[in-house]
Amino acid sequence: MSDTDDRAAVAEAAARAGARVADDAFRTDIPVEQKGEDDVVTEADRAAQRTVIERIRESFPDDAIVGEEEDARKRVPDEGTAWVIDPIDGTHNFVREIRFWGTAVAAVVDGEPVAAATVAPALGDVYTADADGAYRNGERMSVNDVDDPRRGAVDPTLWWDYDARDEYANACEAIVRRFGDMRRLGAAQVVLPTVAAGGLEGTISNLQANPWDSVAGVFMIRQAGGTVTDLEGNRWRHDSVGLVASNGTLHDDVLAAAQAIEVGVEPA
């Protein structure tokens, strides 16, 4: 087994282990803490992250850990090996007892993802990606080939602060003016694999995504044949401003919607 294959196996095993911890607490009377004005956290988030790290450390004890909770580092190193963890992406859904949440793990080498896994236990789905492709529940997945915006559905992902709700409104208007439908699932690391599996044609944000909200899912889309760029249309990386992901065929339309977020929307 190559080093990359080993990392892919560990990513999946660690995501499964963390997801089990989180799932045990799902729809229980778990206390909810305010982590910020618009953010919440539970002990399940922290316990799941500790479990993921423990599983990674068994195989890669010296790798850097980038994670949302506790004292994990918050930036992806441009050199060396690292793991990017979101123990519960979609905590707002989790605490509302909505099934759209998942545990995401990505392995990164010199700033580029090489393996990823997102386990969504309440949905019964396991998404993975390695050097050879992307998979849902062990079956190869790919983006769809929809080429008509009127048949497309796009998700405005990430979250806009209260003082930027005009941008949130612009994102929604940009989507509904250009595409046939809009979804908002509320968990970027579930949205991105859904694009990779062909369930959505795209997802947009003008924000700089946290790596734990994005790296694993971006890798899955690319391995499934899709396109991910920043707001300028350049290849997305972990420190890019904006996150624009699509099936590739509709990327120009998805990018135009993303670029309309900050400037307002004119009729398409």
# chains A, B, ... in the order shown; residues from 1 in each chain; ligands from 1
>>> closest_atom_pairs(of="segment 51-121 of chain A", to="segment 235-248 of chain A", cutoff="10 Å", atoms="only C-alpha atoms", output="CSV")
residue,atom,partner,partner_atom,distance
A:Arg75,CA,A:Asp239,CA,8.5
A:Val76,CA,A:His238,CA,7.1
A:Pro77,CA,A:His238,CA,9.6
A:Asp78,CA,A:His238,CA,9.5
A:Gly111,CA,A:His238,CA,7.5
A:Glu112,CA,A:Arg237,CA,7.7
A:Pro113,CA,A:His238,CA,9.3
>>> closest_residue(among="A:Gln223, A:Asn170, A:Gln49, A:Thr81", to="Val109 of chain A", atoms="only C-alpha atoms")
A:Thr81
>>> residues_around(residues="segment 4-19 of chain A", least_positions_apart="4", cutoff="8 Å", atoms="only C-alpha atoms", output="PyMOL selection string")
chain A and resi 23+47-53+55-56+59+87-88+102-107+114-121+128-131
>>> write_last_selection(atoms="C-alpha atoms", output="PDB file, in the first residue's frame")
ATOM      1  CA  ASP A  23     -24.015  10.019  16.157  1.00  0.00           C
ATOM      2  CA  ALA A  47     -15.266  14.427  21.707  1.00  0.00           C
ATOM      3  CA  ALA A  48     -15.552  13.552  18.018  1.00  0.00           C
ATOM      4  CA  GLN A  49     -12.485  15.641  17.167  1.00  0.00           C
ATOM      5  CA  ARG A  50     -10.453  13.975  19.925  1.00  0.00           C
ATOM      6  CA  THR A  51     -11.467  10.577  18.579  1.00  0.00           C
ATOM      7  CA  VAL A  52     -10.486  11.517  15.017  1.00  0.00           C
ATOM      8  CA  ILE A  53      -7.098  12.789  16.183  1.00  0.00           C
ATOM      9  CA  ARG A  55      -7.155   7.490  15.192  1.00  0.00           C
ATOM     10  CA  ILE A  56      -4.859   9.553  12.977  1.00  0.00           C
ATOM     11  CA  SER A  59      -0.653   5.818  12.033  1.00  0.00           C
ATOM     12  CA  PRO A  87     -15.787  16.727  13.748  1.00  0.00           C
ATOM     13  CA  ILE A  88     -19.351  17.898  13.092  1.00  0.00           C
ATOM     14  CA  GLY A 102     -21.121  15.003   8.849  1.00  0.00           C
ATOM     15  CA  THR A 103     -17.605  14.314  10.094  1.00  0.00           C
ATOM     16  CA  ALA A 104     -14.974  15.366   7.547  1.00  0.00           C
ATOM     17  CA  VAL A 105     -11.279  14.433   7.387  1.00  0.00           C
ATOM     18  CA  ALA A 106      -8.752  15.357   4.704  1.00  0.00           C
ATOM     19  CA  ALA A 107      -5.075  14.471   4.342  1.00  0.00           C
ATOM     20  CA  VAL A 114      -4.470  13.803  -1.337  1.00  0.00           C
ATOM     21  CA  ALA A 115      -7.287  11.930   0.430  1.00  0.00           C
ATOM     22  CA  ALA A 116     -10.600  12.750   2.057  1.00  0.00           C
ATOM     23  CA  ALA A 117     -13.613  11.258   3.772  1.00  0.00           C
ATOM     24  CA  THR A 118     -16.920  12.656   4.989  1.00  0.00           C
ATOM     25  CA  VAL A 119     -19.207  10.406   6.984  1.00  0.00           C
ATOM     26  CA  ALA A 120     -22.837  11.496   7.339  1.00  0.00           C
ATOM     27  CA  PRO A 121     -24.237   8.795   9.640  1.00  0.00           C
ATOM     28  CA  THR A 128     -14.444   9.272   0.131  1.00  0.00           C
ATOM     29  CA  ALA A 129     -11.812  10.357  -2.370  1.00  0.00           C
ATOM     30  CA  ASP A 130      -8.348   9.091  -3.153  1.00  0.00           C
ATOM     31  CA  ALA A 131      -5.786   9.354  -5.941  1.00  0.00           C
TER      32      ALA A 131
END
>>> atom_distance(atom1="atom CA of Gly138 of chain A", atom2="atom CA of His92 of chain A")
28.1 Å
>>> closest_residue(among="A:Gly202, A:Pro156, A:Gly217, A:Gly186", to="Asp252 of chain A", atoms="only C-alpha atoms")
A:Gly202
>>> closest_residue(among="A:Asp213, A:Asp86, A:Glu262, A:Glu68", to="Tyr168 of chain A", atoms="only C-alpha atoms")
A:Glu262
>>> closest_residue(among="A:Asp148, A:Trp83, A:Val126, A:Val95", to="Gln34 of chain A", atoms="only C-alpha atoms")
A:Val95
